[in-house]
file protein_26.cif (mmCIF, C-alpha atoms)
data_data
loop_
_atom_site.label_atom_id
_atom_site.label_comp_id
_atom_site.auth_asym_id
_atom_site.auth_seq_id
_atom_site.Cartn_x
_atom_site.Cartn_y
_atom_site.Cartn_z
CA MET A 285 0.00 0.00 0.00
CA HIS A 286 3.11 2.23 -0.13
CA ILE A 287 2.27 4.63 -2.95
CA PRO A 288 5.55 5.42 -4.78
CA ASP A 289 6.60 8.76 -6.25
CA GLY A 290 4.87 9.35 -9.56
CA TYR A 291 1.54 7.67 -8.90
CA LEU A 292 -0.12 10.73 -7.37
CA GLY A 293 -0.12 14.10 -9.10
CA PRO A 294 0.76 17.36 -7.27
CA THR A 295 -2.88 18.23 -6.51
CA THR A 296 -3.40 15.01 -4.61
CA PHE A 297 -0.06 14.72 -2.84
CA ILE A 298 -0.11 18.36 -1.70
CA ILE A 299 -3.66 17.97 -0.35
CA MET A 300 -2.60 14.79 1.49
CA TYR A 301 0.32 16.65 3.11
CA LEU A 302 -2.04 19.49 4.08
CA ILE A 303 -4.45 16.99 5.64
CA MET A 304 -1.62 15.33 7.57
CA ILE A 305 -0.09 18.49 9.10
CA PRO A 306 -2.90 19.11 11.65
CA ILE A 307 -3.17 15.34 12.27
CA TRP A 308 0.57 15.12 13.08
CA LEU A 309 0.35 18.20 15.31
CA TYR A 310 -2.67 16.95 17.23
CA ALA A 311 -1.15 13.46 17.51
CA GLY A 312 1.93 14.98 19.15
CA TYR A 313 -0.27 17.01 21.48
CA TRP A 314 -2.37 13.95 22.40
CA VAL A 315 0.69 11.80 23.10
CA GLN A 316 2.11 14.53 25.33
CA LYS A 317 -1.18 14.95 27.18
CA SER A 318 -2.12 11.28 27.54
CA LEU A 319 0.95 9.05 27.67
CA ARG A 320 3.58 8.71 30.39
CA SER A 321 7.34 8.36 30.33
CA ARG A 322 7.14 4.64 31.14
CA GLN A 323 5.36 4.20 27.77
CA VAL A 324 8.27 5.70 25.80
CA PRO A 325 9.94 2.28 25.20
CA TYR A 326 6.62 0.92 23.91
CA LEU A 327 6.31 3.76 21.40
CA ALA A 328 9.85 3.03 20.18
CA LEU A 329 9.01 -0.67 19.95
CA ALA A 330 5.78 0.11 18.07
CA ALA A 331 7.65 2.06 15.37
CA ALA A 332 10.19 -0.78 14.98
CA PHE A 333 7.41 -3.39 14.94
CA SER A 334 5.48 -1.56 12.20
CA PHE A 335 8.68 -1.39 10.17
CA VAL A 336 9.50 -5.08 10.33
CA ILE A 337 5.96 -6.45 9.99
CA MET A 338 5.65 -4.59 6.66
CA MET A 339 8.65 -6.59 5.36
CA PHE A 340 6.60 -9.80 5.50
CA ASN A 341 5.29 -9.76 1.97
CA VAL A 342 2.52 -12.21 1.24
CA PRO A 343 2.26 -13.59 -2.32
CA VAL A 344 -1.18 -13.69 -3.91
CA PRO A 345 -2.44 -15.50 -7.01
CA GLY A 346 -1.93 -13.38 -10.08
CA GLY A 347 1.62 -12.36 -9.21
CA SER A 348 0.93 -9.48 -6.85
CA SER A 349 1.94 -9.17 -3.19
CA GLY A 350 1.21 -7.17 -0.06
CA HIS A 351 1.59 -7.11 3.69
CA ALA A 352 0.11 -6.21 7.07
CA VAL A 353 0.92 -2.84 8.65
CA GLY A 354 0.49 -3.40 12.39
CA SER A 355 -0.96 0.02 13.11
CA ALA A 356 -4.36 -1.29 14.30
CA LEU A 357 -2.52 -3.14 17.06
CA VAL A 358 -0.58 -0.02 18.06
CA ALA A 359 -3.85 1.96 18.07
CA ILE A 360 -5.51 -0.52 20.42
CA ILE A 361 -2.54 -0.67 22.81
CA LEU A 362 -1.23 2.92 22.82
CA GLY A 363 -4.12 4.85 21.27
CA PRO A 364 -4.86 5.77 17.63
CA TRP A 365 -3.09 9.13 17.93
CA ALA A 366 0.04 7.39 19.21
CA ALA A 367 -0.23 5.01 16.25
CA VAL A 368 -0.20 8.05 13.93
CA VAL A 369 3.18 9.01 15.39
CA THR A 370 4.79 5.54 15.42
CA THR A 371 3.53 4.52 11.95
CA SER A 372 4.66 7.85 10.49
CA VAL A 373 8.16 7.23 11.91
CA ALA A 374 8.28 3.76 10.30
CA LEU A 375 6.95 5.11 6.96
CA LEU A 376 9.51 7.94 7.01
CA ILE A 377 12.43 5.54 7.43
CA GLN A 378 11.01 3.18 4.77
CA CYS A 379 10.62 6.06 2.35
CA LEU A 380 13.99 7.78 2.92
CA LEU A 381 16.28 4.78 3.38
CA PHE A 382 14.62 2.05 1.34
CA GLY A 383 12.53 3.88 -1.25
CA ASP A 384 9.39 2.08 -0.06
CA GLY A 385 6.70 4.72 -0.54
CA GLY A 386 7.45 8.00 -2.29
CA VAL A 387 8.78 11.23 -0.79
CA THR A 388 5.97 13.14 -2.51
CA ALA A 389 3.43 10.47 -1.45
CA PHE A 390 4.61 10.42 2.18
CA GLY A 391 1.61 12.48 3.33
CA ALA A 392 -0.81 10.15 1.54
CA ASN A 393 0.88 7.04 2.92
CA CYS A 394 0.82 8.45 6.45
CA PHE A 395 -2.88 9.14 5.98
CA ASN A 396 -3.74 5.68 4.61
CA MET A 397 -1.56 3.48 6.78
CA GLY A 398 -0.84 5.79 9.72
CA THR A 399 -4.29 7.34 10.22
CA VAL A 400 -7.08 5.36 8.53
CA ILE A 401 -5.95 1.95 9.83
CA PRO A 402 -5.47 3.10 13.46
CA PHE A 403 -8.74 5.02 13.70
CA VAL A 404 -10.94 2.55 11.84
CA GLY A 405 -9.27 -0.35 13.66
CA TYR A 406 -9.67 1.23 17.08
CA PHE A 407 -13.25 2.32 16.41
CA ILE A 408 -14.29 -1.19 15.38
CA TYR A 409 -12.44 -2.68 18.35
CA LYS A 410 -14.23 -0.34 20.78
CA LEU A 411 -17.58 -0.89 19.11
CA ILE A 412 -17.38 -4.66 19.51
CA SER A 413 -15.57 -4.96 22.84
CA ARG A 414 -17.52 -2.31 24.84
CA THR A 415 -16.98 -3.03 28.54
CA SER A 416 -16.03 -6.68 28.25
CA PRO A 417 -13.12 -7.87 30.45
CA ILE A 418 -9.70 -6.98 29.04
CA SER A 419 -8.55 -10.51 28.18
CA SER A 420 -11.96 -11.84 27.13
CA ASN A 421 -12.31 -13.72 23.86
CA LEU A 422 -14.76 -11.06 22.68
CA ARG A 423 -12.08 -8.39 23.04
CA ILE A 424 -9.50 -10.52 21.20
CA ALA A 425 -12.02 -11.06 18.38
CA ALA A 426 -12.70 -7.31 18.42
CA ALA A 427 -8.97 -6.64 17.96
CA ALA A 428 -8.83 -9.10 15.05
CA ILE A 429 -11.86 -7.59 13.31
CA GLY A 430 -10.49 -4.09 13.97
CA GLY A 431 -7.26 -5.04 12.19
CA TYR A 432 -9.14 -6.68 9.32
CA VAL A 433 -11.52 -3.78 8.68
CA GLY A 434 -8.85 -1.12 9.31
CA LEU A 435 -6.46 -2.44 6.67
CA SER A 436 -9.30 -3.11 4.20
CA VAL A 437 -10.73 0.41 4.45
CA ALA A 438 -7.24 1.92 4.13
CA ALA A 439 -6.66 -0.16 0.97
CA GLY A 440 -9.89 1.23 -0.49
CA VAL A 441 -8.82 4.78 0.38
CA ALA A 442 -5.38 4.27 -1.21
CA GLY A 443 -7.11 2.81 -4.28
CA PHE A 444 -9.34 5.89 -4.44
CA GLU A 445 -6.39 8.30 -4.24
CA MET A 446 -4.66 6.49 -7.10
CA GLY A 447 -7.81 5.95 -9.15
CA ILE A 448 -8.79 9.64 -9.33
CA GLN A 449 -5.46 10.50 -11.03
CA PRO A 450 -6.63 9.90 -14.64
CA ILE A 451 -9.53 12.32 -13.95
CA LEU A 452 -7.40 14.97 -12.19
CA GLU A 453 -4.12 14.88 -14.09
CA HIS A 454 -3.93 14.29 -17.85
CA THR A 455 -2.57 15.88 -21.00
CA ALA A 456 -4.78 18.00 -23.26
CA ALA A 457 -5.36 14.83 -25.27
CA GLY A 458 -6.54 13.00 -22.16
CA VAL A 459 -3.45 10.81 -21.61
CA PRO A 460 -2.93 10.15 -17.88
CA LEU A 461 0.16 11.86 -16.38
CA TYR A 462 0.38 9.75 -13.22
CA MET A 463 -1.45 6.53 -12.19
CA PRO A 464 -2.91 5.38 -15.52
CA TYR A 465 -5.63 3.12 -14.06
CA GLY A 466 -8.95 4.65 -13.06
CA LEU A 467 -11.21 4.06 -10.06
CA ASN A 468 -12.92 1.10 -11.75
CA VAL A 469 -9.59 -0.77 -11.56
CA THR A 470 -7.76 0.62 -8.54
CA VAL A 471 -10.50 0.46 -5.90
CA PRO A 472 -11.64 -3.13 -6.59
CA ALA A 473 -8.03 -4.33 -7.01
CA MET A 474 -6.91 -2.84 -3.70
CA LEU A 475 -10.06 -3.92 -1.84
CA ILE A 476 -10.11 -7.50 -3.16
CA GLU A 477 -6.39 -8.18 -2.59
CA HIS A 478 -6.57 -6.88 0.95
CA MET A 479 -9.92 -8.33 1.97
CA MET A 480 -8.98 -11.76 0.62
CA PHE A 481 -5.41 -11.95 1.91
CA PHE A 482 -3.49 -9.19 3.69
CA SER A 483 -6.26 -8.08 6.06
CA PHE A 484 -6.36 -11.62 7.47
CA VAL A 485 -2.66 -11.29 8.27
CA GLU A 486 -3.36 -7.96 9.95
CA ALA A 487 -6.19 -9.58 11.94
CA ILE A 488 -4.00 -12.46 13.14
CA VAL A 489 -1.07 -10.22 14.08
CA THR A 490 -3.36 -7.80 15.93
CA ALA A 491 -5.20 -10.55 17.82
CA LEU A 492 -2.08 -12.50 18.83
CA ALA A 493 -0.15 -9.53 20.15
CA PHE A 494 -3.23 -8.02 21.79
CA ALA A 495 -4.06 -11.30 23.53
CA TYR A 496 -0.53 -11.57 24.91
CA ILE A 497 -0.45 -8.00 26.21
CA ALA A 498 -4.01 -8.09 27.58
CA ARG A 499 -3.33 -11.28 29.52
CA ASN A 500 0.09 -10.36 30.86
CA SER A 501 0.31 -6.57 31.13
CA PRO A 502 -3.11 -4.97 30.64
CA GLU A 503 -1.85 -1.84 32.43
CA ILE A 504 0.14 -0.97 29.29
CA ILE A 505 -3.11 -0.57 27.31
CA PHE A 506 -3.80 3.14 27.26
CA ASP A 507 -7.56 3.02 27.94
CA TYR A 508 -7.53 -0.01 30.26
CA LYS A 509 -9.93 0.44 33.17
CA PRO A 510 -9.29 -2.14 35.92
CA GLU A 511 -12.77 -1.52 37.33
CA ASN A 512 -14.36 -3.11 34.22
CA ASP A 513 -12.59 -6.35 35.04
CA THR A 514 -13.58 -6.28 38.72
CA LYS A 515 -17.18 -5.52 37.75
CA ALA A 516 -17.20 -8.39 35.29
CA SER A 517 -15.87 -10.82 37.85
CA ALA A 518 -18.38 -9.53 40.42
CA GLY A 519 -21.22 -10.42 38.05
CA GLN A 520 -23.30 -8.86 35.31
CA GLY A 521 -25.57 -7.03 37.74
CA ALA A 522 -22.72 -4.90 39.05
CA ALA A 523 -21.62 -4.06 35.52
CA LYS A 524 -25.04 -2.68 34.65
CA ALA A 525 -25.46 -0.69 37.87
CA MET B 197 12.83 -3.73 32.44
CA ASP B 198 9.41 -5.35 32.89
CA LYS B 199 8.77 -8.83 31.58
CA THR B 200 6.22 -7.91 28.91
CA LEU B 201 8.57 -5.40 27.30
CA LYS B 202 11.31 -8.02 27.33
CA VAL B 203 9.05 -10.63 25.68
CA LEU B 204 7.92 -8.13 23.03
CA ILE B 205 11.54 -7.22 22.25
CA ILE B 206 12.37 -10.94 21.90
CA ALA B 207 9.34 -11.36 19.61
CA MET B 208 10.69 -8.47 17.51
CA ALA B 209 14.09 -10.15 17.29
CA VAL B 210 12.40 -13.38 16.14
CA LEU B 211 10.58 -11.41 13.42
CA VAL B 212 13.93 -10.05 12.23
CA VAL B 213 15.45 -13.56 12.18
CA ILE B 214 12.62 -14.95 10.03
CA VAL B 215 12.32 -11.84 7.84
CA PRO B 216 13.53 -13.62 4.62
CA ILE B 217 10.06 -15.25 4.57
CA GLY B 218 8.97 -11.87 3.19
CA LEU B 219 11.11 -12.55 0.11
CA LEU B 220 8.96 -15.52 -0.93
CA ALA B 221 6.50 -13.06 -2.45
CA THR B 222 8.22 -12.02 -5.65
CA GLY B 223 5.40 -10.06 -7.28
CA THR B 224 5.14 -6.27 -7.12
CA ALA B 225 2.28 -4.89 -5.01
CA PHE B 226 -0.60 -3.23 -6.86
CA GLY B 227 0.27 0.36 -7.73
CA GLU B 228 3.95 0.01 -6.81
CA TRP B 229 5.27 -0.99 -10.24
CA GLY B 230 8.42 0.53 -11.66
CA PRO B 231 8.16 2.47 -14.95
CA ASP B 232 9.41 -0.58 -16.87
CA GLU B 233 6.65 -2.80 -15.44
CA LEU B 234 4.06 -0.14 -16.28
CA GLN B 235 5.41 0.09 -19.82
CA GLN B 236 4.75 -3.64 -20.20
CA ALA B 237 1.31 -3.51 -18.61
CA VAL B 238 -0.26 -0.45 -20.27
CA GLY B 239 2.12 0.15 -23.18
CA PHE B 240 3.38 3.57 -22.08
CA VAL B 241 4.88 5.37 -19.10
CA PRO B 242 2.85 8.40 -18.03
CA ALA B 243 5.04 11.53 -18.37
CA GLY B 244 4.54 12.83 -14.84
CA LEU B 245 5.14 9.41 -13.34
CA GLN B 246 8.37 9.05 -15.32
CA GLN B 247 9.59 12.40 -13.97
CA LEU B 248 8.64 11.90 -10.32
CA SER B 249 9.67 8.26 -10.08
CA ASP B 250 13.32 9.28 -10.34
CA LEU B 251 13.04 11.96 -7.63
CA TRP B 252 14.57 10.15 -4.68
CA HIS B 253 17.57 7.84 -4.53
CA PRO B 254 17.47 5.82 -1.33
CA LEU B 255 20.50 4.14 0.26
CA LEU B 256 19.10 0.59 0.09
CA PRO B 257 16.38 0.59 -2.59
CA ASP B 258 13.89 -2.29 -2.23
CA TYR B 259 15.60 -3.44 1.00
CA ASP B 260 18.58 -4.77 -0.94
CA PHE B 261 22.19 -3.97 -1.75
CA PRO B 262 22.77 -2.64 -5.27
CA GLY B 263 23.21 -5.30 -7.94
CA GLY B 264 19.73 -6.40 -8.97
CA HIS B 265 19.62 -9.71 -7.11
CA GLU B 266 16.99 -12.07 -8.47
CA THR B 267 17.14 -15.12 -6.19
CA LEU B 268 16.26 -15.53 -2.53
CA PRO B 269 19.79 -16.50 -1.35
CA THR B 270 21.31 -13.42 -2.99
CA GLN B 271 18.54 -11.13 -1.72
CA ALA B 272 18.61 -12.43 1.86
CA PRO B 273 21.79 -10.64 3.08
CA GLY B 274 20.49 -7.23 1.95
CA TYR B 275 17.05 -8.03 3.38
CA TYR B 276 18.57 -8.97 6.74
CA ILE B 277 20.74 -5.85 6.92
CA SER B 278 17.72 -3.74 5.91
CA ALA B 279 15.57 -5.29 8.65
CA ILE B 280 18.25 -4.77 11.32
CA VAL B 281 19.08 -1.22 10.24
CA GLY B 282 15.40 -0.31 9.84
CA VAL B 283 14.34 -1.75 13.19
CA LEU B 284 17.18 -0.03 15.04
CA ILE B 285 16.63 3.34 13.37
CA CYS B 286 12.84 3.18 13.83
CA ALA B 287 13.26 2.26 17.48
CA GLY B 288 15.85 5.02 17.92
CA VAL B 289 13.83 7.71 16.16
CA GLY B 290 10.62 6.51 17.84
CA TYR B 291 12.35 6.67 21.22
CA LEU B 292 13.74 10.16 20.64
CA VAL B 293 10.42 11.50 19.33
CA ALA B 294 8.48 9.97 22.25
CA LYS B 295 11.09 11.15 24.76
CA ALA B 296 10.95 14.68 23.36
CA ILE B 297 7.13 14.83 23.47
CA ILE B 298 6.25 13.01 26.69
CA ARG B 299 6.68 14.92 29.94
CA ARG B 300 4.33 13.10 32.31
CA THR B 301 5.99 10.72 34.74
CA ASP B 302 2.95 9.79 36.89
#
call {"tool": "encode", "arguments": {"input": "protein_26.cif", "output": "structure tokens"}}
result
Amino acid sequence: MHIPDGYLGPTTFIIMYLIMIPIWLYAGYWVQKSLRSRQVPYLALAAAFSFVIMMFNVPVPGGSSGHAVGSALVAIILGPWAAVVTTSVALLIQCLLFGDGGVTAFGANCFNMGTVIPFVGYFIYKLISRTSPISSNLRIAAAAIGGYVGLSVAAGVAGFEMGIQPILEHTAAGVPLYMPYGLNVTVPAMLIEHMMFFSFVEAIVTALAFAYIARNSPEIIFDYKPENDTKASAGQGAAKA
Amino acid sequence: MDKTLKVLIIAMAVLVVIVPIGLLATGTAFGEWGPDELQQAVGFVPAGLQQLSDLWHPLLPDYDFPGGHETLPTQAPGYYISAIVGVLICAGVGYLVAKAIIRRTD
């Protein structure tokens, strides 16, 4: 899902940078306001984890490939705004050092993988898990579905950004200047590849790591409320009161 | 260092050790083709794409040493070095950014 240089025209990549500037600023503000110094090593680890998990390319029939991103997991553990920061760090290093994702497309990639996945993933996770105990199977399933839906929606968004290029940027004769394929190709291609393959990888990675952390160190999870667990163990009546 | 952090760091190290698995997928991801691949697929290289695609010259393009390696054994060393370098730099930059932002110690 790393859009390279040349696939988005200036209109799109400048808009994506402009969208990301306030998101980066607020993410920094949120992290400062909400996280504590003992979480610093986890943020560092999250950036490194995102980097390496994206190196696990999965082959798909038809000769294409793709990978999980890991930012739904980071969103669930450290908060979606923290995931914006850590995923952006990983994407920056990938782009500058390894040419994975373009310099011009960096804003778009940070939006797709560093913003859409964390927020959609976290929203779905919250929606399903509600006040269930932290290490309950429901919450682990919620993390898996959050990862699955997060990556799938982001793939559709990336497909949309690429697919509008033939409409936005073309020569006087109508020849595309950037991504030559239109929405009718890019959106279904991105959605199908991800929903059939890569989003399952994201779901498994998110669920496994979440289950381990929830069972062993729930206090790391940024919105963990110990009282939910006590209520649950005290019975359903107490939880509703 | 608490136990969970230690386990997660070990899990990270394991991911780095098994990272060549990522090389089994040889196909290019959708929308990440080089100009030559696009030429083959659609019969031309869009002018703007041609221009922009040459904008940035990274140190280790495609997570590999220079030399256009085609087989897994020849790609693996570059892939390993890329994973190690990338993980260390991401952790370092992530640590510095988080350290610079976070003030609360409670």
call {"tool": "resolve_selection", "arguments": {"input": "protein_26.cif", "expression": "the PyMOL selection byres ((chain A and resi 373) around 9)", "output": "list in words"}}
result
Ala331, Ala332, Phe335, Val368, Val369, Thr370, Thr371, Ser372, Ala374, Leu375, Leu376, Ile377 and Gln378 of chain A; Cys286, Val289, Gly290 and Val293 of chain B
call {"tool": "write_last_selection", "arguments": {"input": "protein_26.cif", "atoms": "C-alpha atoms", "output": "mmCIF file, keeping the file's coordinate frame"}}
result
data_model
loop_
_atom_site.group_PDB
_atom_site.id
_atom_site.type_symbol
_atom_site.label_atom_id
_atom_site.label_comp_id
_atom_site.auth_asym_id
_atom_site.auth_seq_id
_atom_site.Cartn_x
_atom_site.Cartn_y
_atom_site.Cartn_z
ATOM 1 C CA ALA A 331 7.650 2.060 15.370
ATOM 2 C CA ALA A 332 10.190 -0.780 14.980
ATOM 3 C CA PHE A 335 8.680 -1.390 10.170
ATOM 4 C CA VAL A 368 -0.200 8.050 13.930
ATOM 5 C CA VAL A 369 3.180 9.010 15.390
ATOM 6 C CA THR A 370 4.790 5.540 15.420
ATOM 7 C CA THR A 371 3.530 4.520 11.950
ATOM 8 C CA SER A 372 4.660 7.850 10.490
ATOM 9 C CA ALA A 374 8.280 3.760 10.300
ATOM 10 C CA LEU A 375 6.950 5.110 6.960
ATOM 11 C CA LEU A 376 9.510 7.940 7.010
ATOM 12 C CA ILE A 377 12.430 5.540 7.430
ATOM 13 C CA GLN A 378 11.010 3.180 4.770
ATOM 14 C CA CYS B 286 12.840 3.180 13.830
ATOM 15 C CA VAL B 289 13.830 7.710 16.160
ATOM 16 C CA GLY B 290 10.620 6.510 17.840
ATOM 17 C CA VAL B 293 10.420 11.500 19.330
#
call {"tool": "closest_residue", "arguments": {"input": "protein_26.cif", "among": "A:Ala491, A:Val353, A:Ile476, A:Ile287", "to": "Gly230 in chain B", "atoms": "only C-alpha atoms"}}
result
A:Ile287
call {"tool": "closest_residue", "arguments": {"input": "protein_26.cif", "among": "A:Pro288, A:Pro343, A:Pro502, A:Gly443", "to": "Val471 in chain A", "atoms": "only C-alpha atoms"}}
result
A:Gly443
call {"tool": "resolve_selection", "arguments": {"input": "protein_26.cif", "expression": "the PyMOL selection byres ((chain A) within 7 of (chain B))", "output": "PyMOL selection string"}}
result
chain A and resi 287-291+312+315-316+319-321+324-325+327-329+331-333+335-336+339-343+347-350+370+373-374+377+380-384+460-462+464+500-501
call {"tool": "write_last_selection", "arguments": {"input": "protein_26.cif", "atoms": "C-alpha atoms", "output": "JSON list (two decimals), in the frame of the given file"}}
result
[["chain", "number", "residue", "atom", "x", "y", "z"],
["A", 287, "ILE", "CA", 2.27, 4.63, -2.95],
["A", 288, "PRO", "CA", 5.55, 5.42, -4.78],
["A", 289, "ASP", "CA", 6.60, 8.76, -6.25],
["A", 290, "GLY", "CA", 4.87, 9.35, -9.56],
["A", 291, "TYR", "CA", 1.54, 7.67, -8.90],
["A", 312, "GLY", "CA", 1.93, 14.98, 19.15],
["A", 315, "VAL", "CA", 0.69, 11.80, 23.10],
["A", 316, "GLN", "CA", 2.11, 14.53, 25.33],
["A", 319, "LEU", "CA", 0.95, 9.05, 27.67],
["A", 320, "ARG", "CA", 3.58, 8.71, 30.39],
["A", 321, "SER", "CA", 7.34, 8.36, 30.33],
["A", 324, "VAL", "CA", 8.27, 5.70, 25.80],
["A", 325, "PRO", "CA", 9.94, 2.28, 25.20],
["A", 327, "LEU", "CA", 6.31, 3.76, 21.40],
["A", 328, "ALA", "CA", 9.85, 3.03, 20.18],
["A", 329, "LEU", "CA", 9.01, -0.67, 19.95],
["A", 331, "ALA", "CA", 7.65, 2.06, 15.37],
["A", 332, "ALA", "CA", 10.19, -0.78, 14.98],
["A", 333, "PHE", "CA", 7.41, -3.39, 14.94],
["A", 335, "PHE", "CA", 8.68, -1.39, 10.17],
["A", 336, "VAL", "CA", 9.50, -5.08, 10.33],
["A", 339, "MET", "CA", 8.65, -6.59, 5.36],
["A", 340, "PHE", "CA", 6.60, -9.80, 5.50],
["A", 341, "ASN", "CA", 5.29, -9.76, 1.97],
["A", 342, "VAL", "CA", 2.52, -12.21, 1.24],
["A", 343, "PRO", "CA", 2.26, -13.59, -2.32],
["A", 347, "GLY", "CA", 1.62, -12.36, -9.21],
["A", 348, "SER", "CA", 0.93, -9.48, -6.85],
["A", 349, "SER", "CA", 1.94, -9.17, -3.19],
["A", 350, "GLY", "CA", 1.21, -7.17, -0.06],
["A", 370, "THR", "CA", 4.79, 5.54, 15.42],
["A", 373, "VAL", "CA", 8.16, 7.23, 11.91],
["A", 374, "ALA", "CA", 8.28, 3.76, 10.30],
["A", 377, "ILE", "CA", 12.43, 5.54, 7.43],
["A", 380, "LEU", "CA", 13.99, 7.78, 2.92],
["A", 381, "LEU", "CA", 16.28, 4.78, 3.38],
["A", 382, "PHE", "CA", 14.62, 2.05, 1.34],
["A", 383, "GLY", "CA", 12.53, 3.88, -1.25],
["A", 384, "ASP", "CA", 9.39, 2.08, -0.06],
["A", 460, "PRO", "CA", -2.93, 10.15, -17.88],
["A", 461, "LEU", "CA", 0.16, 11.86, -16.38],
["A", 462, "TYR", "CA", 0.38, 9.75, -13.22],
["A", 464, "PRO", "CA", -2.91, 5.38, -15.52],
["A", 500, "ASN", "CA", 0.09, -10.36, 30.86],
["A", 501, "SER", "CA", 0.31, -6.57, 31.13]]
call {"tool": "residues_around", "arguments": {"input": "protein_26.cif", "residues": "Gly447 in chain A", "least_positions_apart": "6", "cutoff": "6 Å", "atoms": "all atoms listed in the file", "output": "ChimeraX atom specification"}}
result
/A:466-467,470
call {"tool": "resolve_selection", "arguments": {"input": "protein_26.cif", "expression": "the PyMOL selection byres ((chain A and resi 485) around 10)", "output": "PyMOL selection string"}}
result
chain A and resi 340+342+351-354+428+431-432+435+478+480-484+486-491
call {"tool": "write_last_selection", "arguments": {"input": "protein_26.cif", "atoms": "C-alpha atoms", "output": "CSV table (one decimal), keeping the file's coordinate frame"}}
result
chain,number,residue,atom,x,y,z
A,340,PHE,CA,6.6,-9.8,5.5
A,342,VAL,CA,2.5,-12.2,1.2
A,351,HIS,CA,1.6,-7.1,3.7
A,352,ALA,CA,0.1,-6.2,7.1
A,353,VAL,CA,0.9,-2.8,8.6
A,354,GLY,CA,0.5,-3.4,12.4
A,428,ALA,CA,-8.8,-9.1,15.0
A,431,GLY,CA,-7.3,-5.0,12.2
A,432,TYR,CA,-9.1,-6.7,9.3
A,435,LEU,CA,-6.5,-2.4,6.7
A,478,HIS,CA,-6.6,-6.9,1.0
A,480,MET,CA,-9.0,-11.8,0.6
A,481,PHE,CA,-5.4,-12.0,1.9
A,482,PHE,CA,-3.5,-9.2,3.7
A,483,SER,CA,-6.3,-8.1,6.1
A,484,PHE,CA,-6.4,-11.6,7.5
A,486,GLU,CA,-3.4,-8.0,10.0
A,487,ALA,CA,-6.2,-9.6,11.9
A,488,ILE,CA,-4.0,-12.5,13.1
A,489,VAL,CA,-1.1,-10.2,14.1
A,490,THR,CA,-3.4,-7.8,15.9
A,491,ALA,CA,-5.2,-10.6,17.8
call {"tool": "atom_distance", "arguments": {"input": "protein_26.cif", "atom1": "CA of Trp314 in chain A", "atom2": "CA of Trp365 in chain A"}}
result
6.6 Å
call {"tool": "closest_residue", "arguments": {"input": "protein_26.cif", "among": "A:Pro345, A:Gly430, A:Pro450, A:Pro294", "to": "Val404 in chain A", "atoms": "all atoms listed in the file"}}
result
A:Gly430
call {"tool": "residues_around", "arguments": {"input": "protein_26.cif", "residues": "Ala442 in chain A", "least_positions_apart": "3", "cutoff": "10 Å", "atoms": "all atoms listed in the file", "output": "MDAnalysis selection string"}}
result
(chainID A and resid 285:287 392:393 395:397 400 436:439 445:447 470:471 474:475) or (chainID B and resid 227)
call {"tool": "atom_distance", "arguments": {"input": "protein_26.cif", "atom1": "CA of Ala366 in chain A", "atom2": "CA of Trp308 in chain A"}}
result
9.9 Å
call {"tool": "axis_aligned_box", "arguments": {"input": "protein_26.cif", "around": "range 203-213 of chain B", "padding_each_side": "3 Å", "output": "lines of an AutoDock Vina configuration file"}}
result
center_x = 11.7
center_y = -10.4
center_z = 18.9
size_x = 13.5
size_y = 12.3
size_z = 19.5
call {"tool": "decode", "arguments": {"input": "protein_26.cif", "residues": "range 287-296 of chain B", "atoms": "N, CA and C atoms", "output": "PDB file, in the first residue's frame"}}
result
ATOM      1  N   ALA B 287      13.319   2.260  16.027  1.00  0.00           N
ATOM      2  CA  ALA B 287      13.257   2.262  17.484  1.00  0.00           C
ATOM      3  C   ALA B 287      13.948   3.509  18.035  1.00  0.00           C
ATOM      4  N   GLY B 288      15.102   3.847  17.463  1.00  0.00           N
ATOM      5  CA  GLY B 288      15.852   5.021  17.918  1.00  0.00           C
ATOM      6  C   GLY B 288      15.074   6.309  17.698  1.00  0.00           C
ATOM      7  N   VAL B 289      14.581   6.486  16.470  1.00  0.00           N
ATOM      8  CA  VAL B 289      13.830   7.711  16.155  1.00  0.00           C
ATOM      9  C   VAL B 289      12.533   7.736  16.971  1.00  0.00           C
ATOM     10  N   GLY B 290      11.849   6.588  17.050  1.00  0.00           N
ATOM     11  CA  GLY B 290      10.619   6.509  17.841  1.00  0.00           C
ATOM     12  C   GLY B 290      10.874   6.870  19.293  1.00  0.00           C
ATOM     13  N   TYR B 291      11.995   6.374  19.829  1.00  0.00           N
ATOM     14  CA  TYR B 291      12.352   6.666  21.224  1.00  0.00           C
ATOM     15  C   TYR B 291      12.604   8.164  21.409  1.00  0.00           C
ATOM     16  N   LEU B 292      13.398   8.737  20.514  1.00  0.00           N
ATOM     17  CA  LEU B 292      13.740  10.158  20.642  1.00  0.00           C
ATOM     18  C   LEU B 292      12.502  11.040  20.509  1.00  0.00           C
ATOM     19  N   VAL B 293      11.644  10.707  19.534  1.00  0.00           N
ATOM     20  CA  VAL B 293      10.420  11.500  19.330  1.00  0.00           C
ATOM     21  C   VAL B 293       9.536  11.405  20.578  1.00  0.00           C
ATOM     22  N   ALA B 294       9.340  10.161  21.073  1.00  0.00           N
ATOM     23  CA  ALA B 294       8.479   9.966  22.246  1.00  0.00           C
ATOM     24  C   ALA B 294       9.073  10.661  23.464  1.00  0.00           C
ATOM     25  N   LYS B 295      10.385  10.535  23.622  1.00  0.00           N
ATOM     26  CA  LYS B 295      11.090  11.146  24.758  1.00  0.00           C
ATOM     27  C   LYS B 295      10.925  12.667  24.722  1.00  0.00           C
ATOM     28  N   ALA B 296      11.031  13.228  23.506  1.00  0.00           N
ATOM     29  CA  ALA B 296      10.946  14.684  23.360  1.00  0.00           C
ATOM     30  C   ALA B 296       9.533  15.185  23.648  1.00  0.00           C
TER      31      ALA B 296
END
